[in-house]
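Just input34.tsv here, TSV, C-alpha atoms and all ligand atoms:
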chain	number	residue	atom	x	y	z
E	75	MET	CA	69.62	102.86	55.00
E	76	GLN	CA	71.33	105.17	52.54
E	77	LYS	CA	69.32	105.98	49.42
E	78	PRO	CA	71.05	104.89	46.21
E	79	ASN	CA	72.47	107.85	44.37
E	80	LYS	CA	71.09	108.58	40.95
E	81	TYR	CA	72.61	111.86	39.81
E	82	ALA	CA	75.96	112.89	38.38
E	83	ILE	CA	77.38	116.25	37.39
E	84	GLY	CA	79.15	116.95	34.11
E	85	LEU	CA	81.69	119.77	34.16
E	86	LEU	CA	83.83	121.11	31.35
E	87	SER	CA	85.09	123.99	29.36
E	88	GLY	CA	85.62	123.23	25.67
E	89	THR	CA	88.28	124.43	23.29
E	90	SER	CA	86.30	127.63	22.62
E	91	ILE	CA	87.08	128.71	26.22
E	92	ASP	CA	83.74	130.55	26.17
E	93	GLY	CA	82.89	129.51	29.74
E	94	ILE	CA	82.17	126.52	31.93
E	95	ASP	CA	79.27	124.13	31.27
E	96	ALA	CA	77.83	122.43	34.35
E	97	VAL	CA	75.03	119.88	34.03
E	98	LEU	CA	73.21	117.89	36.70
E	99	ALA	CA	71.78	114.70	35.20
E	100	ASP	CA	69.54	111.93	36.49
E	101	PHE	CA	70.59	108.39	35.58
E	102	SER	CA	67.76	106.53	37.28
E	103	SER	CA	65.87	105.76	34.06
E	104	ALA	CA	66.95	104.17	30.78
E	105	GLN	CA	67.79	107.52	29.18
E	106	PRO	CA	69.80	110.07	31.15
E	107	GLN	CA	67.79	113.21	31.87
E	108	ILE	CA	69.15	116.71	32.31
E	109	VAL	CA	67.84	118.11	35.62
E	110	ALA	CA	69.66	121.45	35.90
E	111	VAL	CA	72.22	123.40	33.92
E	112	HIS	CA	74.50	126.32	34.62
E	113	SER	CA	76.81	128.30	32.38
E	114	HIS	CA	79.60	129.83	34.42
E	115	PRO	CA	81.74	132.69	33.09
E	116	PHE	CA	85.51	132.74	33.44
E	117	PRO	CA	87.07	135.76	35.11
E	118	GLU	CA	88.20	137.85	32.11
E	119	GLU	CA	91.92	137.64	32.82
E	120	LEU	CA	91.85	133.89	33.30
E	121	GLN	CA	89.96	133.46	30.02
E	122	ALA	CA	92.52	135.55	28.13
E	123	GLU	CA	95.39	133.62	29.68
E	124	LEU	CA	93.84	130.27	28.77
E	125	LYS	CA	93.32	131.36	25.16
E	126	GLN	CA	96.94	132.45	24.97
E	127	LEU	CA	98.13	129.22	26.54
E	128	ALA	CA	96.34	127.09	23.94
E	129	VAL	CA	98.51	128.70	21.26
E	130	GLU	CA	101.74	128.96	23.27
E	131	ILE	CA	101.72	125.37	24.44
E	132	ASN	CA	103.89	124.55	21.40
E	133	GLY	CA	106.31	127.41	22.11
E	134	PRO	CA	109.50	127.60	24.13
E	135	SER	CA	108.50	130.30	26.63
E	136	LEU	CA	106.02	128.42	28.79
E	137	MET	CA	106.66	128.30	32.52
E	138	LEU	CA	105.66	125.26	34.52
E	139	THR	CA	104.82	127.57	37.42
E	140	ASP	CA	102.21	129.34	35.24
E	141	ILE	CA	100.66	126.07	34.15
E	142	MET	CA	100.41	124.81	37.72
E	143	ARG	CA	98.95	128.13	38.92
E	144	LEU	CA	96.25	127.84	36.24
E	145	HIS	CA	95.67	124.19	37.22
E	146	GLY	CA	94.85	125.33	40.75
E	147	GLU	CA	92.92	128.48	39.79
E	148	LEU	CA	90.74	126.50	37.41
E	149	SER	CA	89.70	124.02	40.09
E	150	ILE	CA	88.44	126.93	42.20
E	151	VAL	CA	86.41	128.41	39.31
E	152	PHE	CA	85.06	124.97	38.37
E	153	ALA	CA	84.03	124.44	42.02
E	154	ASP	CA	82.23	127.81	41.92
E	155	ALA	CA	80.35	126.55	38.85
E	156	VAL	CA	79.24	123.43	40.74
E	157	HIS	CA	78.07	125.50	43.72
E	158	ALA	CA	76.08	127.79	41.40
E	159	LEU	CA	74.55	124.77	39.64
E	160	LEU	CA	73.50	123.15	42.91
E	161	SER	CA	72.16	126.37	44.39
E	162	GLN	CA	69.44	126.30	41.72
E	163	ASN	CA	67.81	123.14	42.99
E	164	ARG	CA	67.39	121.07	46.10
E	165	CYS	CA	69.34	118.01	45.04
E	166	PRO	CA	70.82	116.50	48.23
E	167	HIS	CA	74.57	115.78	48.04
E	168	GLU	CA	74.15	112.15	49.02
E	169	LEU	CA	72.10	111.50	45.87
E	170	ILE	CA	74.96	112.70	43.66
E	171	ALA	CA	77.41	109.96	42.72
E	172	GLY	CA	80.05	112.48	41.72
E	173	ILE	CA	81.36	114.89	39.10
E	174	GLY	CA	82.58	113.90	35.65
E	175	PHE	CA	85.25	116.55	35.26
E	176	HIS	CA	86.83	117.13	31.90
E	177	GLY	CA	88.82	120.22	32.85
E	178	GLN	CA	90.29	122.60	30.29
E	179	THR	CA	92.26	121.20	27.37
E	180	VAL	CA	95.41	123.18	26.68
E	181	GLY	CA	97.21	120.68	24.45
E	182	HIS	CA	96.19	117.61	22.48
E	183	HIS	CA	98.90	115.61	20.71
E	184	PRO	CA	97.83	112.07	19.88
E	185	GLU	CA	100.33	112.10	17.00
E	186	ALA	CA	103.37	112.61	19.28
E	187	GLU	CA	105.88	109.80	19.63
E	188	LEU	CA	104.52	109.28	23.12
E	189	PRO	CA	101.02	110.72	22.65
E	190	TRP	CA	99.52	113.06	25.24
E	191	SER	CA	96.52	115.28	25.91
E	192	LEU	CA	96.62	117.81	28.73
E	193	GLN	CA	93.56	119.04	30.63
E	194	LEU	CA	94.05	121.52	33.45
E	195	GLY	CA	92.00	121.68	36.65
E	196	ASP	CA	92.99	119.92	39.88
E	197	ALA	CA	90.48	117.16	40.64
E	198	ASN	CA	91.75	116.83	44.24
E	199	ARG	CA	90.99	120.43	45.04
E	200	LEU	CA	87.66	120.28	43.19
E	201	SER	CA	86.64	117.27	45.27
E	202	LEU	CA	87.55	118.97	48.55
E	203	LEU	CA	85.83	122.23	47.58
E	204	THR	CA	82.60	120.52	46.52
E	205	GLY	CA	82.55	117.58	48.94
E	206	LEU	CA	81.87	115.32	45.95
E	207	SER	CA	83.83	112.52	44.34
E	208	VAL	CA	85.41	113.58	41.07
E	209	VAL	CA	86.30	111.55	37.99
E	210	SER	CA	88.86	113.14	35.72
E	211	GLY	CA	91.54	112.33	33.17
E	212	PHE	CA	89.06	110.70	30.76
E	213	ARG	CA	91.41	110.91	27.80
E	214	SER	CA	94.57	109.47	29.36
E	215	MET	CA	93.64	105.78	29.56
E	216	ASP	CA	92.32	105.86	26.02
E	217	ILE	CA	95.58	107.35	24.79
E	218	ALA	CA	97.62	104.87	26.80
E	219	ALA	CA	95.63	102.09	25.10
E	220	GLY	CA	96.57	103.36	21.64
E	221	GLY	CA	93.50	105.57	21.14
E	222	GLN	CA	93.32	109.20	20.10
E	223	GLY	CA	91.77	110.18	23.46
E	224	ALA	CA	89.16	112.09	21.44
E	225	PRO	CA	86.45	112.54	20.50
E	226	LEU	CA	84.43	111.04	23.35
E	227	ALA	CA	81.10	112.66	22.40
E	228	PRO	CA	80.17	109.85	19.96
E	229	LEU	CA	79.83	107.50	22.96
E	230	LEU	CA	76.90	109.50	24.30
E	231	HIS	CA	75.47	110.29	20.86
E	232	ARG	CA	75.27	106.55	20.21
E	233	GLU	CA	73.51	106.07	23.53
E	234	ILE	CA	70.90	108.81	23.29
E	235	PHE	CA	70.41	109.77	19.63
E	236	GLN	CA	71.38	106.78	17.54
E	237	ALA	CA	70.31	103.70	19.52
E	238	SER	CA	66.89	103.52	17.92
E	239	ASP	CA	67.60	105.54	14.81
E	240	THR	CA	70.16	104.00	12.51
E	241	ARG	CA	69.94	106.73	9.88
E	242	THR	CA	71.00	109.58	12.12
E	243	ALA	CA	74.43	111.17	12.28
E	244	VAL	CA	75.35	113.73	14.94
E	245	VAL	CA	77.87	116.54	14.76
E	246	ASN	CA	79.07	118.51	17.75
E	247	ILE	CA	80.31	121.90	16.57
E	248	GLY	CA	82.42	123.30	19.40
E	249	GLY	CA	85.84	124.88	18.90
E	250	ILE	CA	86.68	121.65	17.08
E	251	ALA	CA	83.88	119.67	15.40
E	252	ASN	CA	83.33	115.97	15.87
E	253	LEU	CA	81.06	113.68	13.91
E	254	SER	CA	79.25	110.58	15.14
E	255	GLN	CA	78.41	108.36	12.24
E	256	ALA	CA	75.36	106.16	11.99
E	257	ASP	CA	77.43	103.00	12.49
E	258	GLY	CA	78.67	104.13	15.92
E	259	SER	CA	82.07	105.32	14.77
E	260	GLY	CA	83.21	108.94	15.00
E	261	PHE	CA	86.11	111.35	14.69
E	262	ASP	CA	87.09	115.02	14.75
E	263	THR	CA	86.31	116.57	11.36
E	264	GLY	CA	88.58	119.59	11.99
E	265	PRO	CA	87.78	123.18	12.94
E	266	GLY	CA	84.29	123.90	14.23
E	267	ASN	CA	84.08	127.47	15.50
E	268	CYS	CA	87.73	127.93	16.45
E	269	LEU	CA	88.97	129.65	13.28
E	270	LEU	CA	85.76	131.69	12.97
E	271	ASP	CA	86.16	132.89	16.57
E	272	ALA	CA	89.88	133.66	16.20
E	273	TRP	CA	89.34	135.66	12.98
E	274	VAL	CA	86.40	137.70	14.30
E	275	LEU	CA	88.33	138.43	17.50
E	276	GLN	CA	91.32	139.68	15.55
E	277	ASN	CA	89.27	141.82	13.15
E	278	LYS	CA	86.28	143.00	15.14
E	279	ASN	CA	87.32	142.40	18.73
E	280	GLN	CA	84.28	140.17	19.31
E	281	ASN	CA	84.44	136.73	20.91
E	282	TYR	CA	82.29	135.24	18.16
E	283	ASP	CA	80.27	136.23	15.11
E	284	PRO	CA	76.63	136.28	16.33
E	285	ASN	CA	74.51	134.04	14.08
E	286	GLY	CA	77.36	134.07	11.57
E	287	SER	CA	76.08	137.37	10.19
E	288	TRP	CA	79.54	138.75	9.43
E	289	ALA	CA	80.36	135.52	7.55
E	290	ALA	CA	77.05	135.83	5.68
E	291	SER	CA	78.01	139.37	4.57
E	292	GLY	CA	81.15	138.09	2.80
E	293	GLN	CA	81.81	136.02	-0.28
E	294	ALA	CA	83.37	132.59	0.16
E	295	ASN	CA	86.60	132.32	-1.81
E	296	GLU	CA	86.86	128.99	-3.66
E	297	ASN	CA	90.64	129.14	-4.09
E	298	LEU	CA	91.14	129.63	-0.39
E	299	ILE	CA	88.83	126.81	0.56
E	300	THR	CA	90.51	124.44	-1.90
E	301	THR	CA	93.93	125.33	-0.49
E	302	TRP	CA	92.79	124.91	3.11
E	303	LEU	CA	91.15	121.55	2.38
E	304	GLN	CA	94.52	120.26	1.19
E	305	ASP	CA	95.83	120.46	4.75
E	306	PRO	CA	97.00	116.97	5.75
E	307	TYR	CA	94.50	116.76	8.62
E	308	PHE	CA	91.56	116.67	6.19
E	309	GLN	CA	93.25	113.91	4.15
E	310	LEU	CA	93.88	111.66	7.17
E	311	SER	CA	91.70	108.60	7.60
E	312	PRO	CA	90.04	108.06	10.98
E	313	PRO	CA	90.65	107.50	13.81
E	314	LYS	CA	91.79	111.10	14.10
E	315	SER	CA	91.46	114.01	16.49
E	316	THR	CA	92.80	117.52	16.70
E	317	GLY	CA	92.84	120.70	18.77
E	318	THR	CA	93.19	124.45	18.74
E	319	ASP	CA	96.92	124.14	19.20
E	320	TYR	CA	96.79	123.02	15.52
E	321	PHE	CA	93.83	124.95	14.05
E	322	ASN	CA	94.52	128.55	15.05
E	323	LEU	CA	95.61	131.88	13.54
E	324	ASN	CA	99.08	130.48	12.79
E	325	TRP	CA	97.46	127.71	10.77
E	326	LEU	CA	95.40	130.31	8.90
E	327	ALA	CA	98.36	132.61	8.19
E	328	GLN	CA	100.42	129.75	6.83
E	329	TYR	CA	97.93	129.15	3.97
E	330	THR	CA	96.30	132.53	3.44
E	331	PRO	CA	97.29	135.84	1.81
E	332	LEU	CA	95.51	137.64	4.66
E	333	ASP	CA	96.16	141.18	3.38
E	334	SER	CA	94.83	140.74	-0.13
E	335	ILE	CA	91.40	139.30	0.64
E	336	PRO	CA	88.60	141.24	2.37
E	337	ALA	CA	88.30	140.11	6.01
E	338	ALA	CA	84.58	139.32	5.67
E	339	ASP	CA	85.36	137.05	2.70
E	340	ILE	CA	87.85	135.15	4.84
E	341	GLN	CA	85.16	134.73	7.50
E	342	ALA	CA	82.69	133.47	4.87
E	343	SER	CA	85.33	131.06	3.56
E	344	LEU	CA	86.10	129.79	7.09
E	345	SER	CA	82.41	129.13	7.66
E	346	GLU	CA	82.29	127.24	4.36
E	347	LEU	CA	85.44	125.31	5.40
E	348	THR	CA	83.77	124.11	8.59
E	349	ALA	CA	80.63	123.11	6.70
E	350	ARG	CA	82.51	121.38	3.86
E	351	SER	CA	84.83	119.46	6.14
E	352	ILE	CA	81.80	118.18	8.05
E	353	ALA	CA	79.87	117.30	4.89
E	354	ALA	CA	82.91	115.61	3.34
E	355	SER	CA	83.43	113.62	6.55
E	356	LEU	CA	79.84	112.50	6.42
E	357	GLU	CA	80.33	111.32	2.86
E	358	PHE	CA	83.51	109.58	3.93
E	359	SER	CA	81.60	107.89	6.69
E	360	LEU	CA	78.87	106.84	4.30
E	361	THR	CA	81.26	105.29	1.81
E	362	SER	CA	83.52	103.75	4.45
E	363	SER	CA	80.74	102.20	6.48
E	364	LEU	CA	78.73	101.14	3.45
E	365	ASP	CA	78.56	97.46	3.15
E	366	SER	CA	77.62	96.65	-0.42
E	367	LYS	CA	74.59	94.60	0.57
E	368	ARG	CA	72.94	97.38	2.53
E	369	ASP	CA	71.95	100.70	1.12
E	370	ILE	CA	72.36	102.95	4.12
E	371	THR	CA	71.75	106.62	3.66
E	372	ILE	CA	71.68	109.22	6.36
E	373	ALA	CA	68.29	110.84	6.74
E	374	LYS	CA	69.11	113.22	9.58
E	375	LEU	CA	72.07	115.21	10.77
E	376	LEU	CA	71.63	116.45	14.35
E	377	VAL	CA	73.82	119.39	15.34
E	378	CYS	CA	74.88	120.28	18.88
E	379	GLY	CA	77.46	122.62	20.41
E	380	GLY	CA	77.56	126.39	19.98
E	381	GLY	CA	77.79	126.06	16.18
E	382	ALA	CA	74.12	125.05	16.22
E	383	HIS	CA	73.37	128.76	16.84
E	384	ASN	CA	75.34	129.91	13.82
E	385	THR	CA	72.59	130.40	11.22
E	386	ASP	CA	75.07	130.97	8.40
E	387	LEU	CA	76.91	127.74	9.19
E	388	MET	CA	73.69	125.75	9.52
E	389	MET	CA	72.50	127.06	6.14
E	390	ARG	CA	75.79	126.12	4.51
E	391	LEU	CA	75.53	122.61	5.94
E	392	GLN	CA	71.97	122.22	4.69
E	393	ASN	CA	72.98	123.47	1.21
E	394	LEU	CA	75.82	120.97	1.04
E	395	LEU	CA	73.54	118.11	2.15
E	396	PRO	CA	70.28	118.65	0.24
E	397	ASP	CA	69.00	115.11	0.91
E	398	VAL	CA	69.63	115.23	4.63
E	399	GLN	CA	67.43	116.92	7.21
E	400	VAL	CA	69.83	119.17	9.13
E	401	SER	CA	68.53	120.31	12.52
E	402	THR	CA	69.71	120.78	16.07
E	403	THR	CA	69.50	118.06	18.74
E	404	ALA	CA	66.55	120.00	20.18
E	405	VAL	CA	64.32	118.05	17.76
E	406	ALA	CA	65.49	114.89	19.55
E	407	GLY	CA	64.69	116.41	22.93
E	408	VAL	CA	68.15	117.56	24.07
E	409	ASP	CA	69.19	121.21	24.10
E	410	PRO	CA	72.26	121.48	21.82
E	411	ASP	CA	74.10	123.61	24.39
E	412	TRP	CA	74.13	120.89	27.04
E	413	VAL	CA	74.93	117.69	25.17
E	414	GLU	CA	78.64	117.91	26.01
E	415	GLY	CA	77.95	118.63	29.69
E	416	LEU	CA	75.66	115.60	29.72
E	417	LEU	CA	78.47	113.59	28.10
E	418	PHE	CA	80.81	114.21	31.04
E	419	ALA	CA	78.07	113.52	33.59
E	420	TRP	CA	77.48	110.23	31.74
E	421	LEU	CA	81.20	109.38	31.55
E	422	GLY	CA	81.56	110.13	35.28
E	423	TRP	CA	78.56	107.93	36.01
E	424	GLN	CA	79.96	105.08	33.92
E	425	ARG	CA	83.31	105.22	35.72
E	426	LEU	CA	81.80	105.46	39.20
E	427	ASN	CA	79.75	102.38	38.36
E	428	ASN	CA	82.80	100.57	36.96
E	429	GLN	CA	81.31	100.40	33.48
E	430	ALA	CA	83.86	100.10	30.68
E	431	VAL	CA	83.15	102.12	27.55
E	432	ASP	CA	83.99	101.01	24.04
E	433	THR	CA	85.89	103.60	22.03
E	434	ARG	CA	87.45	101.14	19.58
E	435	LYS	CA	85.44	102.42	16.58
E	436	ILE	CA	85.95	106.03	17.60
E	437	THR	CA	89.40	106.69	18.97
E	438	GLY	CA	90.97	103.41	17.90
E	439	ALA	CA	91.73	102.25	21.46
E	440	GLU	CA	92.65	98.59	21.59
E	441	LYS	CA	89.85	97.43	23.92
E	442	PRO	CA	86.92	98.69	26.03
E	443	LEU	CA	88.24	100.72	28.95
E	444	LEU	CA	87.38	102.29	32.28
E	445	LEU	CA	87.92	105.95	31.42
E	446	GLY	CA	88.97	108.39	34.14
E	447	ALA	CA	90.48	108.19	37.61
E	448	ILE	CA	88.34	108.54	40.74
E	449	TYR	CA	89.14	111.14	43.39
E	450	GLN	CA	86.95	109.87	46.20
E	451	ALA	CA	85.28	112.29	48.60
E	452	VAL	CA	85.28	111.35	52.27
E	453	ALA	CA	82.20	112.32	54.25
C	1	LIG	N1	74.54	132.83	18.53
C	1	LIG	C1	75.69	132.34	18.04
C	1	LIG	N2	76.08	132.64	16.80
C	1	LIG	C2	77.23	132.17	16.28
C	1	LIG	N3	78.05	131.36	16.95
C	1	LIG	C3	77.73	131.02	18.20
C	1	LIG	C4	76.54	131.48	18.83
C	1	LIG	N4	76.47	130.96	20.07
C	1	LIG	C5	77.60	130.21	20.23
C	1	LIG	N5	78.36	130.25	19.11
C	1	LIG	C6	79.66	129.62	18.88
C	1	LIG	O1	79.79	128.50	19.71
C	1	LIG	C7	81.03	128.58	20.44
C	1	LIG	C8	80.89	127.86	21.75
C	1	LIG	O2	80.51	126.55	21.45
C	1	LIG	P1	80.74	125.38	22.47
C	1	LIG	O3	79.91	124.24	22.03
C	1	LIG	O4	80.59	125.89	23.86
C	1	LIG	O5	82.25	125.03	22.16
C	1	LIG	P2	83.34	124.40	23.14
C	1	LIG	O6	82.85	123.03	23.47
C	1	LIG	O7	84.57	124.43	22.31
C	1	LIG	O8	83.39	125.32	24.33
C	1	LIG	C9	81.29	130.07	20.56
C	1	LIG	O9	82.65	130.33	20.78
C	1	LIG	C10	80.79	130.57	19.20
C	1	LIG	O10	81.76	130.38	18.21
C	2	MG	MG	81.87	125.99	25.51
Go ahead and express the file in the form of structure tokens.
Amino acid sequence: MQKPNKYAIGLLSGTSIDGIDAVLADFSSAQPQIVAVHSHPFPEELQAELKQLAVEINGPSLMLTDIMRLHGELSIVFADAVHALLSQNRCPHELIAGIGFHGQTVGHHPEAELPWSLQLGDANRLSLLTGLSVVSGFRSMDIAAGGQGAPLAPLLHREIFQASDTRTAVVNIGGIANLSQADGSGFDTGPGNCLLDAWVLQNKNQNYDPNGSWAASGQANENLITTWLQDPYFQLSPPKSTGTDYFNLNWLAQYTPLDSIPAADIQASLSELTARSIAASLEFSLTSSLDSKRDITIAKLLVCGGGAHNTDLMMRLQNLLPDVQVSTTAVAGVDPDWVEGLLFAWLGWQRLNNQAVDTRKITGAEKPLLLGAIYQAVA
């Protein structure tokens, strides 16, 4: 008799395009457990092309042939990531239900007349190359059902961090940041690391600002921050989601006299912008979810995603939220770098087990849904 499978793989590259996250997780107990992780680099040229594409997706010069070439190339690199992950441990294939495959977002437009969100990476090819079933297209059904298609992270946060702790909020600071409120709702707060990364790349030719030390060397400019915070995205009420095809260097240039302010001060201001937009969103969540009979206050803010390593950003968050204990998800037993990988393993597992997920309070979808399409492997 065949043993029941109990593992699933989560596979993604976020909007930071810093590399591929691959997570093998065990779903045989009440709480999913991370068994193995692998961070897979992009070939340099592919990474540069993807970063360019995220900005150009709104422009007129894009070729369909380039997009489809990247779609295929990505599935090969993602398959390499799965092979590297599985080479680290002896997990037999037949115990793996499949791969929850997010792919690479290159455009996210829930506000379009016919909303869409595009993730590249061919699930068919990935399934053939790995011999595993693949679930992909997690955002499409949500969008079709009137949802934003993002963020999806609050679903897992609710499951693993908030189920027994009603005074905890969680923020995932990737390229874009998303907040999971204590009442199970959630939304994208705006830029996480994306503007910080873009500005440090342009000025210092580094992919990111290690520990936020360049930001810490500058002086945050109040006028700039006030102007930025007037951007319509920050004024929108949830459900809302965004992407790096909105928050990028063009966004920055449109609001900022870039030549007249020291570059380090702009970096400091961008770090403060990320922190303030998160803190303000938390306050929004507190006031919006407050029912007058209950006096709910958040005691803890758990941070995951690469932003958890940015000391400057973490200090700014703590300063803005003096009554809240700000720490990384490591204190709750999950490494902040792998929460999102675990999310896609979990979403894949849910779909393969025909479990609907309820995004109504997050993305605004009209009903609980089966997210993702299954690309079934044949033995
Ligand atoms: N040591 C660090 N110091 C500052 N920022 C960091 C550090 N490590 C990671 N980051 C930031 O985290 C980003 C990657 O975060 P990640 O959660 O992978 O985002 P995404 O989901 O968008 O890929 C990097 O691009 C960088 O901005
Ligand atoms: Mg990443």
Write out, as a Markdown table, each residue of chain E that has an atom at most 6 Å from ligand LIG 1 (chain C), together with the closest pair of atoms and their distance in Å to one decimal, counting only C-alpha atoms and all ligand atoms, rows going by chain and rising number.
| residue | atom | partner | partner_atom | distance |
| --- | --- | --- | --- | --- |
| E:Ser87 | CA | C:LIG1 | O8 | 5.5 |
| E:Gly88 | CA | C:LIG1 | O8 | 3.3 |
| E:Thr89 | CA | C:LIG1 | O7 | 3.8 |
| E:Ser90 | CA | C:LIG1 | O7 | 3.7 |
| E:Ile91 | CA | C:LIG1 | O8 | 5.4 |
| E:Asp92 | CA | C:LIG1 | O9 | 5.5 |
| E:Ile247 | CA | C:LIG1 | O3 | 6.0 |
| E:Gly248 | CA | C:LIG1 | O5 | 3.3 |
| E:Gly249 | CA | C:LIG1 | O7 | 3.7 |
| E:Asn267 | CA | C:LIG1 | O10 | 4.6 |
| E:Asp271 | CA | C:LIG1 | O10 | 5.3 |
| E:Tyr282 | CA | C:LIG1 | O10 | 4.9 |
| E:Asp283 | CA | C:LIG1 | C2 | 5.2 |
| E:Pro284 | CA | C:LIG1 | N2 | 3.7 |
| E:Asn285 | CA | C:LIG1 | N2 | 3.4 |
| E:Gly286 | CA | C:LIG1 | C2 | 5.1 |
| E:Gly379 | CA | C:LIG1 | O3 | 3.4 |
| E:Gly380 | CA | C:LIG1 | O1 | 3.1 |
| E:Gly381 | CA | C:LIG1 | O1 | 4.7 |
| E:His383 | CA | C:LIG1 | C1 | 4.4 |
| E:Asn384 | CA | C:LIG1 | C2 | 3.8 |
* To do: For stretch 320-333 of chain E, list every protein, DNA or RNA residue within 7 Å, evaluated using only C-alpha atoms, and leave out those in the same chain fewer than 3 positions away; present the list as an NGL selection string.
  => :E and (265 or 268-269 or 272 or 302 or 316-317)
Using only C-alpha atoms and all ligand atoms, the best pick from E:Ala353, E:Leu120, E:Ala447, E:Ile250 as closest to ligand MG 2 (chain C) would be E:Ile250
Taken to one decimal, the atom CA of E:Ser315-atom CA of E:Thr263 distance is 7.7 Å
Among E:Ser351, E:Asn132, E:Thr301, E:Thr179, ligand MG 2 (chain C) is approached most closely, using only C-alpha atoms and all ligand atoms, by E:Thr179
